[in-house]
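Structure file input_11.cif (mmCIF, C-alpha atoms) follows.
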data_work
loop_
_atom_site.group_PDB
_atom_site.id
_atom_site.type_symbol
_atom_site.label_atom_id
_atom_site.label_comp_id
_atom_site.auth_asym_id
_atom_site.auth_seq_id
_atom_site.Cartn_x
_atom_site.Cartn_y
_atom_site.Cartn_z
ATOM 1 C CA MET R 1 14.305 20.071 -12.171
ATOM 2 C CA SER R 2 17.231 17.649 -12.235
ATOM 3 C CA VAL R 3 16.903 16.984 -8.514
ATOM 4 C CA PHE R 4 13.667 15.152 -9.290
ATOM 5 C CA LEU R 5 15.185 13.082 -12.075
ATOM 6 C CA SER R 6 18.113 11.622 -10.179
ATOM 7 C CA ALA R 7 16.804 8.037 -9.924
ATOM 8 C CA LYS R 8 19.102 5.818 -11.969
ATOM 9 C CA LEU R 9 17.434 3.696 -14.603
ATOM 10 C CA PRO R 10 19.194 0.654 -16.077
ATOM 11 C CA TYR R 11 19.881 0.871 -19.788
ATOM 12 C CA HIS R 12 17.398 -1.611 -21.160
ATOM 13 C CA PRO R 13 15.108 -1.307 -24.210
ATOM 14 C CA ALA R 14 12.062 -2.066 -22.074
ATOM 15 C CA PHE R 15 12.724 1.066 -20.020
ATOM 16 C CA ILE R 16 12.224 3.419 -22.961
ATOM 17 C CA SER R 17 8.668 4.072 -21.711
ATOM 18 C CA TYR R 18 10.084 5.112 -18.326
ATOM 19 C CA LEU R 19 11.957 8.120 -19.714
ATOM 20 C CA PRO R 20 10.957 11.396 -18.053
ATOM 21 C CA SER R 21 8.257 13.605 -19.457
ATOM 22 C CA PRO R 22 7.327 17.107 -18.289
ATOM 23 C CA MET R 23 4.943 17.179 -15.350
ATOM 24 C CA PRO R 24 2.527 20.026 -14.566
ATOM 25 C CA ILE R 25 4.221 22.659 -12.456
ATOM 26 C CA SER R 26 1.281 22.344 -10.041
ATOM 27 C CA ASP R 27 2.456 18.809 -9.175
ATOM 28 C CA TYR R 28 5.845 20.148 -8.099
ATOM 29 C CA LEU R 29 4.347 23.078 -6.203
ATOM 30 C CA LYS R 30 2.178 20.683 -4.199
ATOM 31 C CA ALA R 31 5.040 18.240 -3.572
ATOM 32 C CA TRP R 32 7.848 20.608 -2.559
ATOM 33 C CA PRO R 33 6.400 21.679 0.833
ATOM 34 C CA LEU R 34 6.374 18.039 1.923
ATOM 35 C CA TYR R 35 10.160 18.066 2.110
ATOM 36 C CA VAL R 36 10.142 20.576 4.975
ATOM 37 C CA LEU R 37 6.936 19.696 6.819
ATOM 38 C CA PRO R 38 7.327 17.818 10.148
ATOM 39 C CA GLN R 39 5.732 14.720 8.632
ATOM 40 C CA HIS R 40 5.906 12.449 11.672
ATOM 41 C CA ALA R 41 4.752 15.128 14.114
ATOM 42 C CA ILE R 42 1.713 15.920 11.958
ATOM 43 C CA SER R 43 0.871 12.238 11.603
ATOM 44 C CA ARG R 44 1.152 11.581 15.351
ATOM 45 C CA LEU R 45 -1.186 14.499 16.016
ATOM 46 C CA VAL R 46 -3.662 12.934 13.576
ATOM 47 C CA TYR R 47 -3.202 9.630 15.420
ATOM 48 C CA ARG R 48 -4.263 11.192 18.702
ATOM 49 C CA LEU R 49 -7.126 13.235 17.300
ATOM 50 C CA THR R 50 -8.702 10.339 15.398
ATOM 51 C CA ARG R 51 -8.812 8.213 18.548
ATOM 52 C CA ARG R 52 -10.414 10.766 20.827
ATOM 53 C CA GLU R 53 -14.077 10.637 21.772
ATOM 54 C CA SER R 54 -15.187 14.193 21.243
ATOM 55 C CA ASN R 55 -18.233 16.340 20.623
ATOM 56 C CA TRP R 56 -16.687 17.059 17.218
ATOM 57 C CA THR R 57 -16.410 13.387 16.196
ATOM 58 C CA GLN R 58 -19.852 13.047 14.642
ATOM 59 C CA ALA R 59 -19.525 16.321 12.758
ATOM 60 C CA ALA R 60 -16.145 15.213 11.390
ATOM 61 C CA ILE R 61 -17.520 11.840 10.288
ATOM 62 C CA ARG R 62 -20.538 13.401 8.580
ATOM 63 C CA GLN R 63 -18.369 15.924 6.750
ATOM 64 C CA PHE R 64 -15.933 13.200 5.664
ATOM 65 C CA ILE R 65 -18.773 11.048 4.300
ATOM 66 C CA LYS R 66 -20.134 14.022 2.371
ATOM 67 C CA THR R 67 -16.768 15.219 1.033
ATOM 68 C CA PHE R 68 -15.490 11.832 -0.118
ATOM 69 C CA LYS R 69 -18.884 10.335 -1.009
ATOM 70 C CA VAL R 70 -18.465 7.324 1.270
ATOM 71 C CA ASP R 71 -21.086 4.620 0.679
ATOM 72 C CA MET R 72 -22.140 3.715 4.205
ATOM 73 C CA SER R 73 -24.653 1.144 2.940
ATOM 74 C CA GLU R 74 -21.654 -1.163 2.412
ATOM 75 C CA ALA R 75 -20.564 -0.949 6.045
ATOM 76 C CA GLU R 76 -21.330 -3.718 8.513
ATOM 77 C CA GLN R 77 -22.494 -0.880 10.766
ATOM 78 C CA PRO R 78 -24.044 1.667 8.376
ATOM 79 C CA ASP R 79 -25.066 4.187 11.055
ATOM 80 C CA PRO R 80 -22.323 6.841 11.397
ATOM 81 C CA ARG R 81 -23.563 7.665 14.891
ATOM 82 C CA ALA R 82 -22.466 4.227 16.110
ATOM 83 C CA TYR R 83 -18.768 5.112 15.758
ATOM 84 C CA LYS R 84 -17.320 6.611 18.911
ATOM 85 C CA THR R 85 -14.073 7.792 17.288
ATOM 86 C CA PHE R 86 -13.109 8.849 13.799
ATOM 87 C CA ASN R 87 -10.634 5.965 13.554
ATOM 88 C CA ALA R 88 -13.352 3.419 14.376
ATOM 89 C CA PHE R 89 -15.344 4.828 11.451
ATOM 90 C CA PHE R 90 -12.338 4.926 9.146
ATOM 91 C CA THR R 91 -11.387 1.276 9.759
ATOM 92 C CA ARG R 92 -15.010 0.086 9.618
ATOM 93 C CA ARG R 93 -15.762 -3.448 8.495
ATOM 94 C CA LEU R 94 -17.781 -4.054 5.354
ATOM 95 C CA LYS R 95 -20.603 -6.525 4.897
ATOM 96 C CA PRO R 96 -18.669 -9.673 3.928
ATOM 97 C CA GLU R 97 -21.077 -10.639 1.153
ATOM 98 C CA LEU R 98 -20.143 -7.427 -0.686
ATOM 99 C CA ARG R 99 -16.508 -8.467 -1.085
ATOM 100 C CA PRO R 100 -16.478 -12.113 -2.195
ATOM 101 C CA VAL R 101 -12.943 -13.397 -2.645
ATOM 102 C CA ASP R 102 -12.144 -15.267 -5.862
ATOM 103 C CA GLN R 103 -11.053 -18.606 -4.411
ATOM 104 C CA ALA R 104 -10.130 -20.270 -7.714
ATOM 105 C CA VAL R 105 -6.759 -22.002 -7.603
ATOM 106 C CA GLY R 106 -4.137 -19.931 -9.375
ATOM 107 C CA VAL R 107 -5.985 -16.626 -9.011
ATOM 108 C CA LEU R 108 -4.329 -13.667 -7.319
ATOM 109 C CA ALA R 109 -7.061 -11.712 -5.504
ATOM 110 C CA SER R 110 -6.944 -8.003 -4.827
ATOM 111 C CA PRO R 111 -5.829 -7.366 -1.242
ATOM 112 C CA VAL R 112 -7.679 -4.045 -0.990
ATOM 113 C CA ASP R 113 -10.196 -1.641 -2.405
ATOM 114 C CA GLY R 114 -8.350 1.027 -4.348
ATOM 115 C CA GLN R 115 -6.915 2.044 -7.677
ATOM 116 C CA ILE R 116 -4.037 0.390 -9.491
ATOM 117 C CA SER R 117 -1.147 2.813 -9.696
ATOM 118 C CA GLN R 118 1.138 0.467 -11.643
ATOM 119 C CA VAL R 119 1.282 -3.185 -12.659
ATOM 120 C CA ASP R 120 4.283 -4.591 -14.496
ATOM 121 C CA ALA R 121 7.261 -6.913 -14.529
ATOM 122 C CA ILE R 122 10.161 -6.255 -12.173
ATOM 123 C CA ARG R 123 13.089 -5.662 -14.509
ATOM 124 C CA GLU R 124 16.604 -6.348 -13.241
ATOM 125 C CA GLY R 125 15.466 -5.651 -9.695
ATOM 126 C CA ARG R 126 13.822 -2.311 -10.548
ATOM 127 C CA ILE R 127 10.177 -1.361 -9.930
ATOM 128 C CA PHE R 128 8.420 1.265 -12.050
ATOM 129 C CA GLN R 129 6.976 4.126 -9.990
ATOM 130 C CA ALA R 130 5.948 6.710 -12.595
ATOM 131 C CA LYS R 131 7.289 8.067 -15.867
ATOM 132 C CA GLY R 132 10.898 9.007 -15.162
ATOM 133 C CA PHE R 133 11.143 7.253 -11.788
ATOM 134 C CA ASP R 134 11.849 3.767 -10.536
ATOM 135 C CA TYR R 135 13.316 2.253 -7.371
ATOM 136 C CA SER R 136 14.930 -1.015 -6.368
ATOM 137 C CA VAL R 137 13.426 -4.104 -4.788
ATOM 138 C CA LEU R 138 16.471 -4.176 -2.517
ATOM 139 C CA GLU R 139 15.814 -0.778 -0.932
ATOM 140 C CA LEU R 140 12.043 -1.316 -0.781
ATOM 141 C CA LEU R 141 12.510 -4.491 1.280
ATOM 142 C CA GLY R 142 15.004 -2.998 3.702
ATOM 143 C CA GLY R 143 18.381 -3.568 2.047
ATOM 144 C CA ASP R 144 18.750 -7.304 2.651
ATOM 145 C CA THR R 145 20.063 -9.078 -0.472
ATOM 146 C CA ALA R 146 18.698 -12.506 0.433
ATOM 147 C CA ARG R 147 15.241 -11.066 1.106
ATOM 148 C CA ALA R 148 15.184 -9.204 -2.209
ATOM 149 C CA GLN R 149 16.674 -11.932 -4.414
ATOM 150 C CA PRO R 150 13.480 -13.959 -5.116
ATOM 151 C CA PHE R 151 11.736 -10.875 -6.523
ATOM 152 C CA LEU R 152 14.436 -9.454 -8.792
ATOM 153 C CA ASN R 153 12.749 -10.683 -11.983
ATOM 154 C CA GLY R 154 9.221 -11.203 -10.744
ATOM 155 C CA GLN R 155 6.117 -9.052 -11.056
ATOM 156 C CA PHE R 156 4.410 -6.362 -9.008
ATOM 157 C CA THR R 157 1.359 -4.206 -8.638
ATOM 158 C CA THR R 158 0.991 -0.980 -6.674
ATOM 159 C CA ILE R 159 -2.502 -0.131 -5.385
ATOM 160 C CA TYR R 160 -3.439 3.268 -3.972
ATOM 161 C CA LEU R 161 -6.142 3.524 -1.307
ATOM 162 C CA SER R 162 -8.039 6.810 -1.363
ATOM 163 C CA PRO R 163 -9.635 8.267 1.786
ATOM 164 C CA ARG R 164 -13.069 6.889 0.831
ATOM 165 C CA ASP R 165 -11.855 3.296 0.423
ATOM 166 C CA TYR R 166 -12.125 0.312 2.751
ATOM 167 C CA HIS R 167 -8.849 0.266 4.667
ATOM 168 C CA ARG R 168 -8.426 -3.321 5.763
ATOM 169 C CA ILE R 169 -5.907 -5.435 3.867
ATOM 170 C CA HIS R 170 -6.487 -9.081 2.950
ATOM 171 C CA MET R 171 -4.407 -11.960 1.626
ATOM 172 C CA PRO R 172 -4.169 -12.190 -2.200
ATOM 173 C CA LEU R 173 -3.063 -15.830 -1.857
ATOM 174 C CA ALA R 174 -2.902 -18.307 1.003
ATOM 175 C CA GLY R 175 0.525 -18.095 2.549
ATOM 176 C CA LYS R 176 2.822 -18.900 5.440
ATOM 177 C CA LEU R 177 4.388 -15.836 7.023
ATOM 178 C CA VAL R 178 8.183 -15.901 6.830
ATOM 179 C CA GLU R 179 9.039 -12.552 8.359
ATOM 180 C CA GLN R 180 7.779 -9.065 9.075
ATOM 181 C CA VAL R 181 10.116 -6.154 8.425
ATOM 182 C CA TYR R 182 9.599 -2.631 9.724
ATOM 183 C CA VAL R 183 11.545 -0.074 7.661
ATOM 184 C CA PRO R 184 11.750 3.492 9.009
ATOM 185 C CA GLY R 185 11.445 6.415 6.647
ATOM 186 C CA ARG R 186 9.713 9.624 5.674
ATOM 187 C CA LEU R 187 5.967 10.141 5.388
ATOM 188 C CA PHE R 188 5.517 11.824 2.037
ATOM 189 C CA SER R 189 2.008 11.851 0.645
ATOM 190 C CA VAL R 190 1.363 8.989 -1.789
ATOM 191 C CA ALA R 191 -1.138 10.906 -3.902
ATOM 192 C CA GLY R 192 -0.681 11.060 -7.655
ATOM 193 C CA HIS R 193 1.223 14.355 -7.713
ATOM 194 C CA THR R 194 3.893 13.064 -5.317
ATOM 195 C CA VAL R 195 4.229 9.713 -7.077
ATOM 196 C CA ARG R 196 4.916 11.640 -10.281
ATOM 197 C CA THR R 197 7.426 14.071 -8.766
ATOM 198 C CA ILE R 198 9.258 12.554 -5.782
ATOM 199 C CA PRO R 199 11.875 9.971 -6.808
ATOM 200 C CA ARG R 200 11.945 6.587 -5.032
ATOM 201 C CA LEU R 201 8.879 7.600 -3.042
ATOM 202 C CA PHE R 202 7.819 4.148 -1.865
ATOM 203 C CA ALA R 203 11.372 3.184 -0.940
ATOM 204 C CA ARG R 204 11.740 6.355 1.143
ATOM 205 C CA ASN R 205 8.527 6.235 3.163
ATOM 206 C CA GLU R 206 8.066 4.332 6.401
ATOM 207 C CA ARG R 207 6.670 0.881 5.644
ATOM 208 C CA VAL R 208 5.908 -2.602 6.903
ATOM 209 C CA VAL R 209 6.901 -5.577 4.740
ATOM 210 C CA ALA R 210 5.345 -9.025 5.170
ATOM 211 C CA ILE R 211 7.032 -11.891 3.299
ATOM 212 C CA PHE R 212 5.012 -15.058 2.665
ATOM 213 C CA GLU R 213 5.682 -18.489 1.216
ATOM 214 C CA THR R 214 2.853 -19.462 -1.129
ATOM 215 C CA ALA R 215 2.111 -22.312 -3.510
ATOM 216 C CA PHE R 216 3.283 -19.974 -6.279
ATOM 217 C CA GLY R 217 6.565 -18.830 -4.783
ATOM 218 C CA LYS R 218 7.421 -15.967 -2.469
ATOM 219 C CA MET R 219 5.015 -13.040 -2.097
ATOM 220 C CA ALA R 220 5.673 -9.732 -0.348
ATOM 221 C CA LEU R 221 2.988 -7.333 0.824
ATOM 222 C CA VAL R 222 4.439 -3.875 1.420
ATOM 223 C CA LEU R 223 2.261 -1.528 3.482
ATOM 224 C CA VAL R 224 3.527 1.978 2.754
ATOM 225 C CA GLY R 225 2.889 4.751 5.265
ATOM 226 C CA ALA R 226 2.177 8.360 4.333
ATOM 227 C CA ILE R 227 1.528 11.704 5.962
ATOM 228 C CA ASN R 228 -1.623 11.477 8.096
ATOM 229 C CA VAL R 229 -1.389 7.666 7.959
ATOM 230 C CA ALA R 230 -1.153 7.633 11.680
ATOM 231 C CA ALA R 231 -0.764 3.885 12.183
ATOM 232 C CA ILE R 232 -0.109 0.585 10.418
ATOM 233 C CA GLU R 233 -1.228 -2.678 11.989
ATOM 234 C CA THR R 234 -0.973 -6.375 11.201
ATOM 235 C CA VAL R 235 -3.299 -8.979 12.696
ATOM 236 C CA TRP R 236 -0.418 -10.983 14.161
ATOM 237 C CA ALA R 237 1.640 -8.122 15.661
ATOM 238 C CA GLY R 238 -0.958 -5.450 16.341
ATOM 239 C CA LEU R 239 0.120 -1.818 16.121
ATOM 240 C CA ILE R 240 3.564 -1.529 14.519
ATOM 241 C CA THR R 241 3.848 2.191 13.964
ATOM 242 C CA PRO R 242 3.659 4.521 15.851
ATOM 243 C CA PRO R 243 6.015 5.035 17.452
ATOM 244 C CA HIS R 244 8.397 5.894 14.629
ATOM 245 C CA GLN R 245 11.669 4.038 15.033
ATOM 246 C CA LYS R 246 15.110 4.755 13.630
ATOM 247 C CA ALA R 247 16.250 1.221 12.784
ATOM 248 C CA ILE R 248 14.972 -1.669 10.668
ATOM 249 C CA ARG R 249 13.285 -4.310 12.790
ATOM 250 C CA VAL R 250 12.831 -7.904 11.621
ATOM 251 C CA GLU R 251 10.520 -10.410 13.313
ATOM 252 C CA HIS R 252 9.878 -14.044 12.404
ATOM 253 C CA TYR R 253 6.627 -15.999 12.719
ATOM 254 C CA PRO R 254 7.396 -19.643 11.834
ATOM 255 C CA GLU R 255 3.986 -21.020 12.812
ATOM 256 C CA LEU R 256 1.652 -18.460 11.255
ATOM 257 C CA SER R 257 -0.348 -19.171 8.089
ATOM 258 C CA LEU R 258 -3.199 -17.129 6.624
ATOM 259 C CA ALA R 259 -5.901 -18.232 4.204
ATOM 260 C CA LYS R 260 -6.621 -16.466 0.949
ATOM 261 C CA GLY R 261 -8.890 -13.515 1.632
ATOM 262 C CA GLU R 262 -8.151 -13.464 5.365
ATOM 263 C CA GLU R 263 -7.487 -10.049 6.884
ATOM 264 C CA MET R 264 -3.757 -9.442 7.405
ATOM 265 C CA GLY R 265 -3.605 -5.774 8.408
ATOM 266 C CA ARG R 266 -5.021 -2.293 8.130
ATOM 267 C CA PHE R 267 -4.184 1.338 7.557
ATOM 268 C CA ASN R 268 -5.455 3.998 9.888
ATOM 269 C CA MET R 269 -5.950 6.619 7.161
ATOM 270 C CA GLY R 270 -5.213 5.869 3.503
ATOM 271 C CA SER R 271 -2.030 4.820 1.773
ATOM 272 C CA THR R 272 -0.598 2.266 -0.657
ATOM 273 C CA VAL R 273 -0.038 -1.493 -0.838
ATOM 274 C CA ILE R 274 2.615 -2.991 -3.111
ATOM 275 C CA VAL R 275 2.381 -6.704 -3.979
ATOM 276 C CA LEU R 276 5.615 -8.374 -5.116
ATOM 277 C CA LEU R 277 5.568 -11.841 -6.679
ATOM 278 C CA GLU R 278 8.525 -14.131 -7.212
ATOM 279 C CA ALA R 279 7.176 -15.717 -10.385
ATOM 280 C CA ASN R 280 6.870 -13.895 -13.710
ATOM 281 C CA THR R 281 4.166 -16.211 -15.043
ATOM 282 C CA TRP R 282 1.128 -14.230 -13.916
ATOM 283 C CA ASP R 283 -1.299 -12.980 -16.561
ATOM 284 C CA TRP R 284 -2.822 -9.651 -15.502
ATOM 285 C CA GLY R 285 -5.467 -9.634 -18.220
ATOM 286 C CA ASN R 286 -6.925 -6.152 -18.582
ATOM 287 C CA MET R 287 -5.440 -4.796 -15.359
ATOM 288 C CA ALA R 288 -3.701 -1.460 -15.973
ATOM 289 C CA ALA R 289 -2.746 1.796 -14.285
ATOM 290 C CA ASN R 290 -5.654 3.923 -13.005
ATOM 291 C CA GLN R 291 -8.072 0.996 -12.931
ATOM 292 C CA PRO R 292 -10.240 0.792 -9.787
ATOM 293 C CA VAL R 293 -10.298 -2.561 -7.986
ATOM 294 C CA ARG R 294 -12.199 -4.078 -5.111
ATOM 295 C CA MET R 295 -10.885 -6.416 -2.473
ATOM 296 C CA GLY R 296 -11.270 -10.045 -3.526
ATOM 297 C CA ILE R 297 -11.585 -9.638 -7.296
ATOM 298 C CA LYS R 298 -9.190 -11.407 -9.643
ATOM 299 C CA LEU R 299 -6.074 -9.384 -10.370
ATOM 300 C CA ALA R 300 -4.052 -12.018 -12.184
ATOM 301 C CA GLU R 301 -4.081 -15.668 -13.164
ATOM 302 C CA TRP R 302 -1.244 -18.158 -12.783
ATOM 303 C CA MET R 303 -0.018 -19.314 -16.184
ATOM 304 C CA GLY R 304 2.656 -21.774 -15.058
ATOM 305 C CA LYS R 305 2.155 -25.493 -15.582
ATOM 306 C CA THR R 306 2.244 -26.350 -11.883
ATOM 307 C CA PRO R 307 2.573 -24.425 -8.626
ATOM 308 C CA MET R 308 6.177 -23.630 -7.691
ATOM 309 C CA VAL R 309 6.104 -25.292 -4.263
#
So, in terms of structure tokens, how does the structure I just supplied come out?
Amino acid sequence: MSVFLSAKLPYHPAFISYLPSPMPISDYLKAWPLYVLPQHAISRLVYRLTRRESNWTQAAIRQFIKTFKVDMSEAEQPDPRAYKTFNAFFTRRLKPELRPVDQAVGVLASPVDGQISQVDAIREGRIFQAKGFDYSVLELLGGDTARAQPFLNGQFTTIYLSPRDYHRIHMPLAGKLVEQVYVPGRLFSVAGHTVRTIPRLFARNERVVAIFETAFGKMALVLVGAINVAAIETVWAGLITPPHQKAIRVEHYPELSLAKGEEMGRFNMGSTVIVLLEANTWDWGNMAANQPVRMGIKLAEWMGKTPMV
């Protein structure tokens, strides 16, 4: 069991709630095979299959809708037969009036539909993953000290997107894109049982980091890949992964700004988005772990006297 409890936690009174607690053995039994599975090979196969026009496509879409109870009445195109590939169905647009974005100044809007996994302060550069596990801002953002520094004592929220959710990602605040960082890694599942049992999960998986300058300080959106998440895209760069790459890649976009609520990227299959905020003056109200959220709703409210920039 000690192999799963190797993440180092700083000695700080606030971390008392992070101390390990026994997890169901079923969580470990489901997580262990992921260490030996060919994660990238499986995901690339999914990538190809979900983009093929096939006689099986409609049957797969209908079964998916039934299994995951997908509400097609929310889709801009509600007829499943209109989707030529499974991926076109999976990344479907929603009727815009169903996801109004809270445009109030000083409101952080949800970037996605999903469920809050965690929401908390970032303490001494550490981010809470699950009871017994944390990971560092530095490793999450690709190991660059200057990139990580603004967030070392900020705040974060982690939002999990289930298979039934809307899989386009939108801006929580208006921002100017500073840089995009591709970080190679594994493709562990990001379901609850792996979050509870695999240390430093989000800092180990393949991910795309987008750093923005906002009126309230720096903001990072971290798009975390997972097994069967066959592709991650951003609106400015298009398809980023696949192919899987072995080195960190940094790209700068000095002229690109996005409005609050504007689409910034998408997952092809479900995963997780982590929002990092430089400031620690956000009030999250009743937001807590396991709470469902919809894109555009208020997640937090700025409590500072004036915007930072």
Take the PyMOL selection byres ((chain R and resi 244-248) around 12), apply it to the structure above, and return the hits as a JSON list (two decimals) with C-alpha atoms, in the coordinates of the input.
[["chain", "number", "residue", "atom", "x", "y", "z"],
["R", 39, "GLN", "CA", 5.73, 14.72, 8.63],
["R", 40, "HIS", "CA", 5.91, 12.45, 11.67],
["R", 41, "ALA", "CA", 4.75, 15.13, 14.11],
["R", 43, "SER", "CA", 0.87, 12.24, 11.60],
["R", 44, "ARG", "CA", 1.15, 11.58, 15.35],
["R", 139, "GLU", "CA", 15.81, -0.78, -0.93],
["R", 140, "LEU", "CA", 12.04, -1.32, -0.78],
["R", 141, "LEU", "CA", 12.51, -4.49, 1.28],
["R", 142, "GLY", "CA", 15.00, -3.00, 3.70],
["R", 143, "GLY", "CA", 18.38, -3.57, 2.05],
["R", 144, "ASP", "CA", 18.75, -7.30, 2.65],
["R", 180, "GLN", "CA", 7.78, -9.06, 9.07],
["R", 181, "VAL", "CA", 10.12, -6.15, 8.43],
["R", 182, "TYR", "CA", 9.60, -2.63, 9.72],
["R", 183, "VAL", "CA", 11.54, -0.07, 7.66],
["R", 184, "PRO", "CA", 11.75, 3.49, 9.01],
["R", 185, "GLY", "CA", 11.44, 6.42, 6.65],
["R", 186, "ARG", "CA", 9.71, 9.62, 5.67],
["R", 187, "LEU", "CA", 5.97, 10.14, 5.39],
["R", 205, "ASN", "CA", 8.53, 6.24, 3.16],
["R", 206, "GLU", "CA", 8.07, 4.33, 6.40],
["R", 207, "ARG", "CA", 6.67, 0.88, 5.64],
["R", 208, "VAL", "CA", 5.91, -2.60, 6.90],
["R", 209, "VAL", "CA", 6.90, -5.58, 4.74],
["R", 225, "GLY", "CA", 2.89, 4.75, 5.26],
["R", 229, "VAL", "CA", -1.39, 7.67, 7.96],
["R", 230, "ALA", "CA", -1.15, 7.63, 11.68],
["R", 231, "ALA", "CA", -0.76, 3.88, 12.18],
["R", 232, "ILE", "CA", -0.11, 0.58, 10.42],
["R", 239, "LEU", "CA", 0.12, -1.82, 16.12],
["R", 240, "ILE", "CA", 3.56, -1.53, 14.52],
["R", 241, "THR", "CA", 3.85, 2.19, 13.96],
["R", 242, "PRO", "CA", 3.66, 4.52, 15.85],
["R", 243, "PRO", "CA", 6.02, 5.04, 17.45],
["R", 249, "ARG", "CA", 13.28, -4.31, 12.79],
["R", 250, "VAL", "CA", 12.83, -7.90, 11.62],
["R", 251, "GLU", "CA", 10.52, -10.41, 13.31]]
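Restricting the calculation to only C-alpha atoms, the smallest distance between Phe267 (chain R) and any of R:Phe212, R:Phe151, R:Phe86, R:Tyr166 is found for R:Tyr166.
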*Point out the residue among R:Ser117, R:Ser257, R:Ser162, R:Gln58 with the least atom-to-atom distance to Val70 (chain R), counting all atoms listed in the file.*
R:Ser162
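Between CA of Val275 (chain R) and CA of Thr157 (chain R) lies a distance of 5.4 Å.
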Once you count all atoms listed in the file, what closest atom pair and distance in Å to one decimal does each residue of region 195-281 of chain R within 9 Å of region 287-304 of chain R have, with rows by chain and rising residue number, as JSON lines?
{"residue": "R:Phe216", "atom": "CA", "partner": "R:Trp302", "partner_atom": "CA", "distance": 8.1}
{"residue": "R:Gly261", "atom": "CA", "partner": "R:Gly296", "partner_atom": "CA", "distance": 6.7}
{"residue": "R:Ala279", "atom": "CA", "partner": "R:Gly304", "partner_atom": "CA", "distance": 8.9}
{"residue": "R:Thr281", "atom": "CA", "partner": "R:Met303", "partner_atom": "CA", "distance": 5.3}
_Using all atoms listed in the file - which residues lie no farther than 8 Å from the point (9.8, 4.4, -5.1) in the file's frame? Write them as a list in words._
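Using all atoms listed in the file, the matching residues come out as Ile127, Phe128, Gln129, Phe133, Asp134, Tyr135, Ser136, Leu140, Val195, Pro199, Arg200, Leu201, Phe202, Ala203 and Arg204 of chain R.
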*Which value, in Å to one decimal, gives the distance between CA of Pro307 (chain R) and CA of Leu177 (chain R)?*
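Taking CA of Pro307 (chain R) and CA of Leu177 (chain R), their separation equals 17.9 Å.
Here CA of Val46 (chain R) and CA of Ala130 (chain R) stand 28.6 Å from one another.
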Taking every listed atom of region 207-225 of chain R and adding 6 Å to each side, what centre and edge lengths in Å (one decimal) does the axis-aligned box have, as lines of an AutoDock Vina configuration file?
center_x = 4.8
center_y = -8.8
center_z = 0.3
size_x = 17.3
size_y = 39.1
size_z = 25.2
_When you look at Ala259 (chain R) with a cut-off of 12 Å (counting only C-alpha atoms), what residues show up, excluding the ones that are within fewer than 3 positions of it in the same chain? I need them as JSON, numbers by chain._
{"R": [101, 103, 109, 170, 171, 172, 173, 174, 175, 176, 177, 212, 213, 214, 215, 256, 262, 263, 264]}
*Check the smallest atom-to-atom distance from each of R:Ala226, R:Gln149, R:Pro254, R:Trp236 to Leu276 (chain R) using all atoms listed in the file, then report the winner.*
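Of R:Ala226, R:Gln149, R:Pro254, R:Trp236, the one nearest Leu276 (chain R) is R:Gln149, counting all atoms listed in the file.
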*Matched chain/residue IDs from the PyMOL selection byres ((chain R and resi 84) around 12), as a PyMOL selection string*: chain R and resi 50-61+79-83+85-90+92
*asked:* Which residues would end up in the selection if the PyMOL selection byres ((chain R and resi 150) around 10) were applied here, given that I need the answer as JSON, numbers by chain?
replied: {"R": [125, 137, 145, 146, 147, 148, 149, 151, 152, 153, 154, 217, 218, 219, 276, 277, 278, 279]}
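Here the question is which of R:Ala210, R:Val235, R:Ile65, R:Ile116 gets nearest to Leu161 (chain R) using all atoms listed in the file, and that residue is R:Ile116.
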*Which residue gives the smallest distance to Lys95 (chain R) among R:Gly114, R:Gly285, R:Pro78, R:Gly192, with all atoms listed in the file counted?*
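Going through R:Gly114, R:Gly285, R:Pro78, R:Gly192 one by one, the smallest distance to Lys95 (chain R) is for R:Pro78.
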_Let me make sure I understand: among R:Ala121, R:Leu221, R:Gly106, R:Pro163, which one has the smallest atom-to-atom distance to Lys305 (chain R) if we use only C-alpha atoms?_
R:Gly106
